[in-house]
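Shown next: entry_21.cif, containing mmCIF, C-alpha atoms.
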```
data_structure
loop_
_atom_site.label_atom_id
_atom_site.label_comp_id
_atom_site.auth_asym_id
_atom_site.auth_seq_id
_atom_site.Cartn_x
_atom_site.Cartn_y
_atom_site.Cartn_z
CA MET A 165 0.00 0.00 0.00
CA PRO A 166 1.49 3.42 -0.93
CA ALA A 167 2.49 5.44 2.12
CA ALA A 168 0.44 8.44 0.99
CA SER A 169 -2.80 6.44 1.22
CA VAL A 170 -2.16 5.20 4.78
CA ASN A 171 -4.15 6.98 7.43
CA PRO A 172 -1.69 8.17 10.13
CA GLU A 173 -4.48 8.00 12.72
CA SER A 174 -4.47 4.22 12.37
CA PHE A 175 -1.07 4.15 14.18
CA LEU A 176 -2.34 6.09 17.19
CA PRO A 177 -1.93 6.12 20.10
CA LEU A 178 1.82 5.57 19.91
CA THR A 179 3.74 4.05 22.78
CA PRO A 180 5.93 6.57 24.66
CA ALA A 181 9.12 4.92 23.35
CA VAL A 182 7.95 5.18 19.73
CA PHE A 183 6.88 8.80 20.12
CA HIS A 184 10.18 9.73 21.77
CA VAL A 185 12.16 8.19 18.88
CA LEU A 186 10.00 9.96 16.28
CA LEU A 187 10.45 13.26 18.13
CA ALA A 188 14.22 12.73 18.29
CA LEU A 189 14.30 12.27 14.50
CA ALA A 190 11.95 15.18 13.77
CA ASP A 191 14.77 17.68 13.34
CA GLY A 192 17.12 15.50 11.30
CA GLU A 193 18.71 12.14 10.97
CA ARG A 194 20.54 10.59 13.88
CA HIS A 195 22.29 7.35 14.80
CA GLY A 196 21.09 5.18 17.69
CA TYR A 197 23.22 6.67 20.45
CA ALA A 198 22.32 10.20 19.36
CA ILE A 199 18.62 9.26 19.54
CA MET A 200 19.16 7.95 23.06
CA GLN A 201 20.94 11.16 24.09
CA SER A 202 18.28 13.33 22.49
CA VAL A 203 15.52 11.51 24.42
CA ALA A 204 17.43 11.98 27.70
CA GLU A 205 18.03 15.68 26.94
CA THR A 206 14.48 16.54 25.94
CA THR A 207 13.06 14.85 29.04
CA ASP A 208 15.70 16.23 31.44
CA GLY A 209 16.94 12.71 32.03
CA ARG A 210 13.56 11.42 33.21
CA VAL A 211 13.29 9.00 30.29
CA SER A 212 16.29 6.79 29.73
CA MET A 213 16.21 4.19 26.98
CA GLY A 214 18.57 1.26 26.99
CA PRO A 215 19.88 -0.32 23.77
CA GLY A 216 17.32 -3.15 23.99
CA THR A 217 14.32 -0.80 24.12
CA LEU A 218 15.81 1.56 21.55
CA TYR A 219 16.60 -1.04 18.91
CA GLY A 220 13.37 -2.95 19.48
CA THR A 221 11.55 0.31 18.80
CA ILE A 222 13.71 1.12 15.78
CA LYS A 223 13.08 -2.34 14.35
CA ARG A 224 9.31 -1.93 14.65
CA LEU A 225 9.45 1.57 13.18
CA LEU A 226 11.46 0.31 10.22
CA GLU A 227 8.99 -2.54 9.67
CA SER A 228 6.03 -0.16 9.74
CA ARG A 229 7.95 2.26 7.49
CA LEU A 230 7.71 5.20 9.86
CA ILE A 231 11.48 5.63 9.71
CA GLU A 232 14.12 4.63 7.20
CA GLU A 233 17.84 4.19 7.08
CA SER A 234 19.81 7.05 5.69
CA ASP A 235 22.75 6.54 3.34
CA ALA A 236 24.16 10.00 3.91
CA ARG A 237 26.86 10.34 6.55
CA PRO A 238 27.41 13.75 8.15
CA ASP A 239 31.16 13.31 8.40
CA PRO A 240 32.55 9.97 7.20
CA GLU A 241 36.05 10.89 8.38
CA LEU A 242 34.99 11.33 11.96
CA ASP A 243 32.30 8.69 12.11
CA ASP A 244 32.28 4.94 12.61
CA GLU A 245 31.38 3.45 9.21
CA ARG A 246 29.36 0.69 10.92
CA ARG A 247 27.04 3.22 12.47
CA ARG A 248 23.61 3.44 10.88
CA TYR A 249 21.68 6.68 10.62
CA TYR A 250 17.90 6.88 10.69
CA ARG A 251 15.45 9.51 9.53
CA LEU A 252 11.69 10.01 9.53
CA SER A 253 9.86 8.81 6.44
CA ALA A 254 7.03 10.92 4.98
CA LEU A 255 4.55 8.62 6.72
CA GLY A 256 6.53 8.90 9.97
CA GLN A 257 6.31 12.72 9.74
CA ARG A 258 2.53 12.53 9.41
CA VAL A 259 2.16 10.03 12.24
CA ALA A 260 4.37 12.12 14.56
CA ALA A 261 2.33 15.22 13.67
CA ALA A 262 -0.96 13.38 14.30
CA GLU A 263 0.27 12.14 17.70
CA SER A 264 1.47 15.65 18.59
CA HIS A 265 -2.02 17.00 17.76
CA ARG A 266 -3.54 14.30 19.93
CA TYR A 267 -1.31 15.30 22.85
CA ALA A 268 -2.08 18.99 22.24
CA GLY A 269 -5.80 18.18 22.50
CA LEU A 270 -5.22 16.38 25.80
CA VAL A 271 -3.21 19.34 27.12
CA ARG A 272 -6.11 21.67 26.20
CA VAL A 273 -8.51 19.47 28.15
CA ALA A 274 -6.15 19.32 31.14
CA ARG A 275 -5.79 23.09 31.10
CA ALA A 276 -9.55 23.64 30.85
CA ARG A 277 -10.06 21.42 33.89
CA GLY A 278 -7.53 23.31 35.96
CA LEU A 279 -4.84 20.65 35.97
CA LEU A 280 -2.34 22.91 34.22
CA ALA A 281 -1.62 26.56 34.89
CA THR A 282 -2.15 28.85 31.87
CA SER A 283 0.97 30.43 30.39
CA HIS A 284 0.24 33.95 31.78
CA ALA A 285 -0.43 32.49 35.24
CA GLN A 286 3.00 30.87 35.21
CA SER A 287 4.86 34.07 34.28
CA MET B 218 37.26 4.44 12.39
CA PRO B 219 38.31 1.89 15.02
CA HIS B 220 36.78 1.83 18.51
CA ALA B 221 38.47 4.00 21.12
CA PRO B 222 40.06 1.78 23.81
CA LEU B 223 37.95 1.02 26.88
CA SER B 224 39.00 0.73 30.49
CA PRO B 225 39.32 -2.90 31.69
CA ARG B 226 36.09 -2.57 33.72
CA ALA B 227 34.14 -1.19 30.74
CA ALA B 228 35.63 -3.84 28.44
CA PHE B 229 34.47 -6.54 30.88
CA LEU B 230 30.92 -5.13 30.88
CA VAL B 231 30.89 -4.98 27.08
CA ARG B 232 32.00 -8.62 26.88
CA LEU B 233 29.19 -9.60 29.25
CA TYR B 234 26.68 -7.60 27.25
CA ARG B 235 27.86 -9.21 24.01
CA ALA B 236 27.29 -12.64 25.57
CA GLY B 237 23.82 -11.54 26.76
CA LEU B 238 22.87 -10.49 23.23
CA ARG B 239 22.65 -14.19 22.38
CA LEU B 240 19.33 -14.24 24.22
CA TYR B 241 17.71 -12.30 21.37
CA PRO B 242 16.21 -14.15 18.41
CA SER B 243 18.71 -14.69 15.61
CA ALA B 244 16.90 -12.41 13.13
CA HIS B 245 16.99 -9.52 15.61
CA ARG B 246 20.65 -10.22 16.36
CA GLU B 247 21.67 -10.25 12.73
CA ARG B 248 20.09 -6.87 12.16
CA MET B 249 20.72 -5.03 15.43
CA GLU B 250 23.47 -6.77 17.40
CA SER B 251 26.40 -4.70 16.18
CA GLU B 252 24.58 -1.40 16.75
CA MET B 253 23.35 -2.41 20.19
CA GLU B 254 26.88 -3.30 21.22
CA GLN B 255 28.18 0.02 19.89
CA VAL B 256 25.56 1.95 21.84
CA PHE B 257 26.24 -0.03 25.01
CA ARG B 258 29.97 0.56 24.56
CA ALA B 259 29.35 4.32 24.28
CA GLN B 260 27.09 4.25 27.36
CA CYS B 261 29.71 2.33 29.34
CA ARG B 262 32.44 4.77 28.44
CA GLU B 263 30.29 7.70 29.55
CA VAL B 264 28.91 6.11 32.73
CA LEU B 265 32.18 4.67 34.03
CA ALA B 266 33.92 7.98 33.49
CA ARG B 267 31.33 10.04 35.36
CA ARG B 268 29.62 7.94 37.99
CA SER B 269 30.68 6.53 41.34
CA LEU B 270 31.01 2.78 41.92
CA GLY B 271 27.40 2.62 43.18
CA GLY B 272 26.20 4.46 40.06
CA CYS B 273 28.15 2.06 37.83
CA LEU B 274 26.66 -0.97 39.60
CA ALA B 275 23.16 0.49 39.23
CA PHE B 276 23.84 1.05 35.53
CA ALA B 277 25.07 -2.53 35.07
CA ALA B 278 22.06 -3.98 36.94
CA GLY B 279 19.67 -1.82 34.88
CA ALA B 280 21.36 -2.93 31.66
CA VAL B 281 20.99 -6.62 32.59
CA VAL B 282 17.29 -6.26 33.46
CA GLU B 283 16.63 -4.25 30.29
CA LEU B 284 18.43 -6.81 28.15
CA LEU B 285 16.48 -9.72 29.65
CA LEU B 286 13.09 -8.01 29.36
CA THR B 287 13.61 -6.84 25.79
CA ALA B 288 15.06 -10.22 24.77
CA MET B 289 11.89 -11.87 26.08
CA ARG B 290 9.74 -9.36 24.23
CA GLU B 291 11.59 -9.92 20.95
CA ARG B 292 11.35 -13.68 21.33
CA LEU B 293 7.63 -13.43 21.99
CA ALA B 294 7.19 -11.12 18.99
CA ALA B 295 9.12 -13.54 16.77
CA PHE B 296 7.03 -16.44 18.05
CA LEU B 297 3.75 -14.62 17.38
CA CYS B 298 5.00 -13.70 13.92
CA LEU B 299 5.70 -17.36 13.22
CA MET B 300 2.23 -18.32 14.47
CA ARG B 301 0.64 -15.77 12.14
CA MET B 302 2.45 -17.41 9.24
CA LYS B 303 0.70 -20.64 10.33
CA ARG B 304 3.74 -22.74 9.67
CA PRO B 305 3.37 -26.01 11.53
CA LEU B 306 6.16 -26.52 14.06
CA THR B 307 7.86 -29.87 14.35
CA PRO B 308 8.11 -31.25 17.91
CA LEU B 309 11.85 -30.50 17.92
CA ALA B 310 11.23 -26.91 16.83
CA ARG B 311 8.62 -26.56 19.60
CA VAL B 312 11.13 -27.71 22.21
CA CYS B 313 13.77 -25.32 20.82
CA TRP B 314 11.30 -22.41 20.91
CA SER B 315 10.28 -23.22 24.46
CA LEU B 316 13.89 -23.40 25.59
CA GLY B 317 14.73 -20.23 23.70
CA ALA B 318 11.84 -18.30 25.23
CA GLY B 319 12.42 -19.84 28.65
CA ALA B 320 16.11 -18.96 28.85
CA PRO B 321 15.59 -15.20 29.34
CA VAL B 322 12.80 -15.89 31.86
CA ALA B 323 15.03 -18.23 33.84
CA ALA B 324 17.92 -15.77 33.63
CA LEU B 325 15.64 -12.94 34.82
CA ILE B 326 14.36 -14.95 37.79
CA LEU B 327 17.91 -15.95 38.69
CA GLY B 328 19.14 -12.36 38.37
CA VAL B 329 16.34 -10.95 40.53
CA THR B 330 16.89 -13.67 43.15
CA ILE B 331 20.61 -12.92 43.33
CA ALA B 332 19.99 -9.16 43.48
CA VAL B 333 17.42 -9.51 46.28
CA THR B 334 19.65 -11.89 48.21
CA LEU B 335 22.65 -9.59 47.93
CA SER B 336 20.62 -6.54 48.93
CA LEU B 337 19.29 -8.15 52.14
CA PRO B 338 21.28 -7.42 55.30
CA PRO B 339 22.96 -10.54 56.74
CA ILE B 340 21.38 -12.22 59.77
CA TYR B 341 23.77 -13.96 62.14
CA MET B 342 22.97 -16.99 64.26
CA SER B 343 24.67 -17.64 67.57
CA SER B 344 24.13 -20.75 69.68
CA THR B 345 25.07 -22.13 73.04
CA ARG B 346 24.14 -25.32 74.93
CA VAL B 347 23.20 -25.93 78.53
CA LEU B 348 23.27 -29.31 80.29
CA VAL B 349 20.09 -30.05 82.22
CA ARG B 350 20.17 -32.50 85.15
CA HIS B 351 17.84 -33.70 87.84
CA ALA B 352 18.32 -32.15 91.24
CA VAL B 353 20.78 -34.09 93.44
CA ASN B 354 18.12 -34.86 96.04
CA SER B 355 15.50 -35.83 93.48
CA THR B 356 14.08 -39.31 93.94
CA THR B 357 12.07 -39.59 90.71
CA ALA B 358 13.14 -39.13 87.12
CA ASP B 359 11.03 -36.63 85.17
CA PRO B 360 10.74 -37.82 81.55
CA PHE B 361 9.78 -34.29 80.47
CA LEU B 362 12.62 -32.56 82.29
CA VAL B 363 14.29 -31.12 79.19
CA GLN B 364 11.01 -29.78 77.80
CA SER B 365 10.11 -28.24 81.16
CA GLU B 366 13.50 -26.55 81.42
CA ALA B 367 13.12 -25.22 77.88
CA GLU B 368 9.84 -23.60 78.97
CA ILE B 369 11.58 -22.04 81.99
CA MET B 370 14.36 -20.74 79.78
CA THR B 371 11.92 -19.02 77.41
CA SER B 372 9.66 -17.78 80.21
CA LYS B 373 8.98 -14.05 80.42
CA ALA B 374 10.75 -13.88 83.81
CA ASN B 375 13.91 -15.37 82.34
CA LEU B 376 13.80 -13.19 79.23
CA MET B 377 13.23 -10.12 81.38
CA ARG B 378 16.60 -10.74 83.02
CA VAL B 379 18.21 -10.81 79.56
CA VAL B 380 16.42 -7.59 78.54
CA GLU B 381 17.68 -5.83 81.67
CA LYS B 382 21.21 -7.18 81.52
CA LEU B 383 21.78 -6.19 77.89
CA SER B 384 19.65 -2.99 78.01
CA LEU B 385 17.65 -4.30 75.05
CA THR B 386 14.90 -1.69 75.50
CA GLU B 387 17.40 1.06 74.70
CA ARG B 388 18.78 -1.00 71.82
CA TYR B 389 15.54 -1.97 70.12
CA SER B 390 13.48 1.19 70.73
CA PRO B 391 15.25 3.34 68.07
CA GLU B 392 15.14 0.44 65.59
CA TYR B 393 11.40 -0.16 65.98
CA LEU B 394 10.03 3.23 67.03
CA GLY B 395 12.57 5.81 65.94
CA GLN B 396 11.53 7.97 68.86
CA GLY B 397 10.00 6.84 72.13
CA THR B 398 10.56 3.75 74.25
CA LEU B 399 9.22 0.24 73.83
CA HIS B 400 7.28 -1.38 76.66
CA PRO B 401 9.23 -4.27 78.28
CA ILE B 402 6.53 -6.71 77.11
CA GLU B 403 7.11 -5.53 73.54
CA VAL B 404 10.86 -6.03 73.92
CA ILE B 405 10.27 -9.55 75.20
CA ALA B 406 8.02 -10.24 72.19
CA ILE B 407 10.80 -9.03 69.87
CA LEU B 408 13.28 -11.24 71.68
CA GLN B 409 10.95 -14.25 71.45
CA ASP B 410 10.92 -13.82 67.66
CA ARG B 411 14.71 -14.03 67.56
CA ILE B 412 15.34 -17.01 69.81
CA GLU B 413 14.85 -20.71 69.53
CA VAL B 414 15.36 -23.17 72.41
CA ARG B 415 15.24 -26.92 71.77
CA GLN B 416 16.58 -30.23 72.90
CA PHE B 417 19.88 -31.02 71.23
CA ARG B 418 19.40 -34.36 69.48
CA ASN B 419 18.46 -37.05 72.05
CA THR B 420 20.54 -35.63 74.87
CA SER B 421 19.94 -33.67 78.07
CA LEU B 422 21.38 -30.60 76.40
CA LEU B 423 19.28 -27.56 75.64
CA GLU B 424 20.41 -25.60 72.64
CA ILE B 425 19.76 -21.85 72.53
CA ARG B 426 19.84 -20.26 69.09
CA VAL B 427 19.66 -16.50 68.57
CA HIS B 428 19.26 -14.76 65.22
CA ASP B 429 20.18 -11.10 64.90
CA ARG B 430 21.60 -8.65 62.37
CA ASP B 431 24.27 -7.79 64.93
CA ARG B 432 26.70 -10.67 65.25
CA GLN B 433 27.95 -9.60 68.71
CA LEU B 434 24.44 -9.02 70.04
CA ALA B 435 23.35 -12.50 68.89
CA SER B 436 26.24 -13.99 70.86
CA ASP B 437 25.57 -11.78 73.92
CA ILE B 438 21.88 -12.75 74.00
CA ALA B 439 22.66 -16.48 73.77
CA ASN B 440 25.13 -16.26 76.68
CA ALA B 441 22.86 -14.00 78.73
CA MET B 442 19.97 -16.46 78.32
CA ALA B 443 22.10 -19.32 79.63
CA GLU B 444 23.29 -17.21 82.57
CA ALA B 445 19.77 -15.99 83.36
CA TYR B 446 18.51 -19.56 83.29
CA LEU B 447 21.22 -20.72 85.70
CA GLN B 448 20.43 -17.78 87.95
CA THR B 449 16.71 -18.67 87.89
CA ARG B 450 17.47 -22.29 88.79
CA MET B 451 19.78 -21.30 91.64
CA GLU B 452 17.10 -19.24 93.31
CA PRO B 453 15.16 -20.95 96.08
CA VAL B 454 11.69 -22.06 94.98
CA ASN B 455 8.90 -20.38 96.95
CA SER B 456 6.40 -22.99 97.97
#
```

Please render this file's structure as structure tokens.
Amino acid sequence: MPAASVNPESFLPLTPAVFHVLLALADGERHGYAIMQSVAETTDGRVSMGPGTLYGTIKRLLESRLIEESDARPDPELDDERRRYYRLSALGQRVAAAESHRYAGLVRVARARGLLATSHAQS
Amino acid sequence: MPHAPLSPRAAFLVRLYRAGLRLYPSAHRERMESEMEQVFRAQCREVLARRSLGGCLAFAAGAVVELLLTAMRERLAAFLCLMRMKRPLTPLARVCWSLGAGAPVAALILGVTIAVTLSLPPIYMSSTRVLVRHAVNSTTADPFLVQSEAEIMTSKANLMRVVEKLSLTERYSPEYLGQGTLHPIEVIAILQDRIEVRQFRNTSLLEIRVHDRDRQLASDIANAMAEAYLQTRMEPVNS
């Protein structure tokens, strides 16, 4: 089935590990360790993925064609040639966007019910 | 670019991790093994350079648990995939699959058992024996003498002597209450949980066993119980 005809909503909700990996790849391709570091940085160290979780997730994302391997290497001189880089596929971009919208909707509900302070109340 | 050299400790952990990767299904290993090892190697280098020994041990324990859990998950996923393909399994293949899926489970149970055992504080056992005899002027032999003396030894009056001699109220109160003081009856109840008095084989010896986290205290209690018992027996009986 062509990726363009796949409904991204059919992948939702994503597991936290999958969403974290998609978010880590949203601003460019990365290798496994860089994905792991990005997840730790964006969550202030609260989420820590081990190699088993990371590569299990990457395998499933490759199988469902949400990510793909990249042939380009940022700096072949400095990099280990055995390292693989991954990037979001077009379908992966749409799924990540759909999941982000879903989260945004939940945040709106939480804010309306007083669970989250509004931005001006925080400042 | 070749790998940067690792410290001996990190190299040891990487070797262990490489061995643990065999728990994953072969298809997963073929595709991901080399990358997983690279990532673990990078993690090791970073963690061992920055963390204390306790932090490094926590990292290693976390890595083992993560490896076992994800290996089980991948094996289960591979098994379900095979079932969806509806390929009949030969009996030999079934046994191999069961062993393959069972290995990470067994390793996980073993790992958790070892971790729990190592994390528990040690409990020491101290024992002493007391010879029980009929009174010199006794004319009849009591067949239940040893059992009766065991009851005297574990009586509240006898234990109270031990509590007073070793100041056990002061010792146990902070452990059980934090602040405040235990009632003597409560201290005796605590002591009763830690002692065992029984006939030693088929002899006239009474064996006192005391279990405590403090090796010296276990020994002191055992000796104090024997002394308190002798003291009790030396006292004139009020008729």

Practice prompt. Write out as a ChimeraX atom specification every residue belonging to chain B that has an atom at most 7 Å from any atom of chain A, counting all atoms listed in the file.
Written response: /B:218,249,252-253,256-257,280,283-284,287

Calculate, to one decimal in Å, the centre and edge lengths of the box along x, y and z of the file that holds all listed atoms of stretch 383-397 of chain B with 4 Å of margin on each side, and present them as JSON.
```
{"center_x": 15.9, "center_y": 0.9, "center_z": 71.8, "size_x": 19.8, "size_y": 22.2, "size_z": 20.4}
```

Fill in: Residue nearest A:Arg194 among A:Ser234, A:Thr221, A:Ser253, A:Ser264 (counting all atoms listed in the file)
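Result for the nearest residue to A:Arg194: A:Ser234.
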
Worksheet item: Mind telling me what the PyMOL selection byres ((chain B and resi 423) around 7) catches here, as number ranges by chain?
Response: B: 346-348, 367, 414-417, 421-422, 424-425

Discussion item. Starting from the PyMOL selection byres ((chain A and resi 252) around 9), expand the selection into actual residues of this file and give them as a ChimeraX atom specification.
Written reply: /A:186,189-190,192-193,229-233,250-251,253-257

Worksheet item: Separation of atom CA of A:Ala268 and atom CA of A:Ser212, in Å?
Response: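 Computing the Euclidean distance for atom CA of A:Ala268 and atom CA of A:Ser212 yields 23.3 Å.
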
Please write the residues picked by the PyMOL selection byres ((chain B and resi 234) around 10) on this file as a short mmCIF file (atom, residue, chain, number, x, y, z; two decimals) with C-alpha atoms, keeping the file's coordinate frame.
```cif
data_model
loop_
_atom_site.label_atom_id
_atom_site.label_comp_id
_atom_site.auth_asym_id
_atom_site.auth_seq_id
_atom_site.Cartn_x
_atom_site.Cartn_y
_atom_site.Cartn_z
CA ALA B 228 35.63 -3.84 28.44
CA PHE B 229 34.47 -6.54 30.88
CA LEU B 230 30.92 -5.13 30.88
CA VAL B 231 30.89 -4.98 27.08
CA ARG B 232 32.00 -8.62 26.88
CA LEU B 233 29.19 -9.60 29.25
CA ARG B 235 27.86 -9.21 24.01
CA ALA B 236 27.29 -12.64 25.57
CA GLY B 237 23.82 -11.54 26.76
CA LEU B 238 22.87 -10.49 23.23
CA ARG B 239 22.65 -14.19 22.38
CA MET B 253 23.35 -2.41 20.19
CA GLU B 254 26.88 -3.30 21.22
CA PHE B 257 26.24 -0.03 25.01
CA ARG B 258 29.97 0.56 24.56
CA ALA B 277 25.07 -2.53 35.07
CA ALA B 280 21.36 -2.93 31.66
CA VAL B 281 20.99 -6.62 32.59
CA LEU B 284 18.43 -6.81 28.15
#
```

Discussion item. Please list as a list in words every residue within 9 Å of stretch 371-386 of chain B, counting only C-alpha atoms and excluding residues in the same chain fewer than 6 positions away.
Written reply: Thr398, Leu399, His400, Pro401, Ile402, Glu403, Val404, Ile405, Leu408, Gln409, Ile412, Glu413, Val414, Leu434, Asp437, Ile438, Ala441, Met442, Glu444, Ala445, Tyr446, Gln448 and Thr449 of chain B

Worksheet entry | Coordinates-based distance that separates atom CA of B:Met370 from atom CA of B:Leu447 (Å, one decimal) |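 Taking atom CA of B:Leu447 and atom CA of B:Met370, their separation equals 9.1 Å.
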
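With atom CA of A:Ala204 on one side and atom CA of B:Ala288 on the other, the separation reads 22.5 Å.
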
Discussion item. Give me, as a list in words, all polymer residues having an atom no more than 12 Å from A:Ala262, counting only C-alpha atoms and skipping those fewer than 3 positions away in the same chain.
Written reply: Asn171, Pro172, Glu173, Ser174, Phe175, Leu176, Pro177, Leu178, Phe183, Leu186, Leu255, Gly256, Gln257, Arg258, Val259, His265, Arg266, Tyr267, Ala268 and Gly269 of chain A

Worksheet item: So which residues touch B:Asp431 within 8 Å, counting all atoms listed in the file, skipping near sequence neighbours fewer than 4 positions away, as a PyMOL selection string?
Response: chain B and resi 340-341+435

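When all atoms listed in the file are used to measure the gap to B:Ala278, the shortest distance among B:Val349, B:Leu337, B:Val329, B:Ala259 belongs to B:Val329.
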
Discussion item. I want to know what sits within 9 Å of stretch 265-272 of chain B, based on all atoms listed in the file, with residues of the same chain fewer than 5 positions away left out; could you give that as an MDAnalysis selection string?
Written reply: chainID B and resid 224 226:227 260 277

Item to complete: Quick one: everything within 9 Å of stretch 322-327 of chain B, counting only C-alpha atoms, minus sequence neighbours fewer than 2 positions away in the same chain. Send it as a ChimeraX atom specification.
Response: /B:281-282,285-286,289,318-320,329-332

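When only C-alpha atoms are used to compute distances to B:Ser343, the closest of the residues B:Asp429, B:Asp359, B:Glu452, B:Glu250 turns out to be B:Asp429.
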
Response to the item:
Nearest to A:Ser228, restricted to only C-alpha atoms and choosing among A:Val182, A:Val271, A:Glu263, A:Leu280, comes out as A:Val182

Because the input lacks atoms here, generate N, CA and C atoms for stretch 248-270 of chain A and report them as a short mmCIF file (atom, residue, chain, number, x, y, z; two decimals), keeping the file's coordinate frame.
```cif
data_model
loop_
_atom_site.label_atom_id
_atom_site.label_comp_id
_atom_site.auth_asym_id
_atom_site.auth_seq_id
_atom_site.Cartn_x
_atom_site.Cartn_y
_atom_site.Cartn_z
N ARG A 248 24.71 3.18 11.81
CA ARG A 248 23.61 3.44 10.88
C ARG A 248 22.87 4.69 11.32
N TYR A 249 22.46 5.48 10.33
CA TYR A 249 21.68 6.68 10.62
C TYR A 249 20.23 6.43 10.22
N TYR A 250 19.33 7.05 10.97
CA TYR A 250 17.90 6.88 10.69
C TYR A 250 17.26 8.25 10.51
N ARG A 251 16.20 8.26 9.70
CA ARG A 251 15.45 9.51 9.53
C ARG A 251 13.96 9.19 9.43
N LEU A 252 13.14 10.21 9.64
CA LEU A 252 11.69 10.01 9.53
C LEU A 252 11.32 9.83 8.07
N SER A 253 10.41 8.91 7.80
CA SER A 253 9.86 8.81 6.44
C SER A 253 8.71 9.83 6.35
N ALA A 254 8.16 9.98 5.14
CA ALA A 254 7.03 10.92 4.98
C ALA A 254 5.85 10.46 5.86
N LEU A 255 5.64 9.14 5.89
CA LEU A 255 4.55 8.62 6.72
C LEU A 255 4.86 8.87 8.20
N GLY A 256 6.12 8.68 8.58
CA GLY A 256 6.53 8.90 9.97
C GLY A 256 6.28 10.35 10.39
N GLN A 257 6.55 11.29 9.46
CA GLN A 257 6.31 12.72 9.74
C GLN A 257 4.83 12.94 10.04
N ARG A 258 3.98 12.32 9.24
CA ARG A 258 2.53 12.53 9.41
C ARG A 258 2.04 11.88 10.70
N VAL A 259 2.58 10.71 11.00
CA VAL A 259 2.16 10.03 12.24
C VAL A 259 2.61 10.82 13.46
N ALA A 260 3.86 11.33 13.42
CA ALA A 260 4.37 12.12 14.56
C ALA A 260 3.53 13.39 14.73
N ALA A 261 3.15 14.01 13.59
CA ALA A 261 2.33 15.22 13.67
C ALA A 261 0.95 14.88 14.25
N ALA A 262 0.37 13.77 13.81
CA ALA A 262 -0.96 13.38 14.30
C ALA A 262 -0.92 13.10 15.81
N GLU A 263 0.15 12.43 16.26
CA GLU A 263 0.27 12.14 17.70
C GLU A 263 0.48 13.44 18.49
N SER A 264 1.25 14.37 17.91
CA SER A 264 1.47 15.65 18.59
C SER A 264 0.14 16.39 18.75
N HIS A 265 -0.69 16.36 17.69
CA HIS A 265 -2.02 17.00 17.76
C HIS A 265 -2.87 16.34 18.83
N ARG A 266 -2.75 15.02 18.92
CA ARG A 266 -3.54 14.30 19.93
C ARG A 266 -3.12 14.75 21.33
N TYR A 267 -1.81 14.85 21.54
CA TYR A 267 -1.31 15.30 22.85
C TYR A 267 -1.76 16.75 23.12
N ALA A 268 -1.69 17.58 22.07
CA ALA A 268 -2.08 18.99 22.24
C ALA A 268 -3.54 19.08 22.68
N GLY A 269 -4.38 18.20 22.11
CA GLY A 269 -5.80 18.18 22.50
C GLY A 269 -5.95 17.79 23.96
N LEU A 270 -5.16 16.81 24.40
CA LEU A 270 -5.22 16.38 25.80
C LEU A 270 -4.76 17.50 26.73
#
```
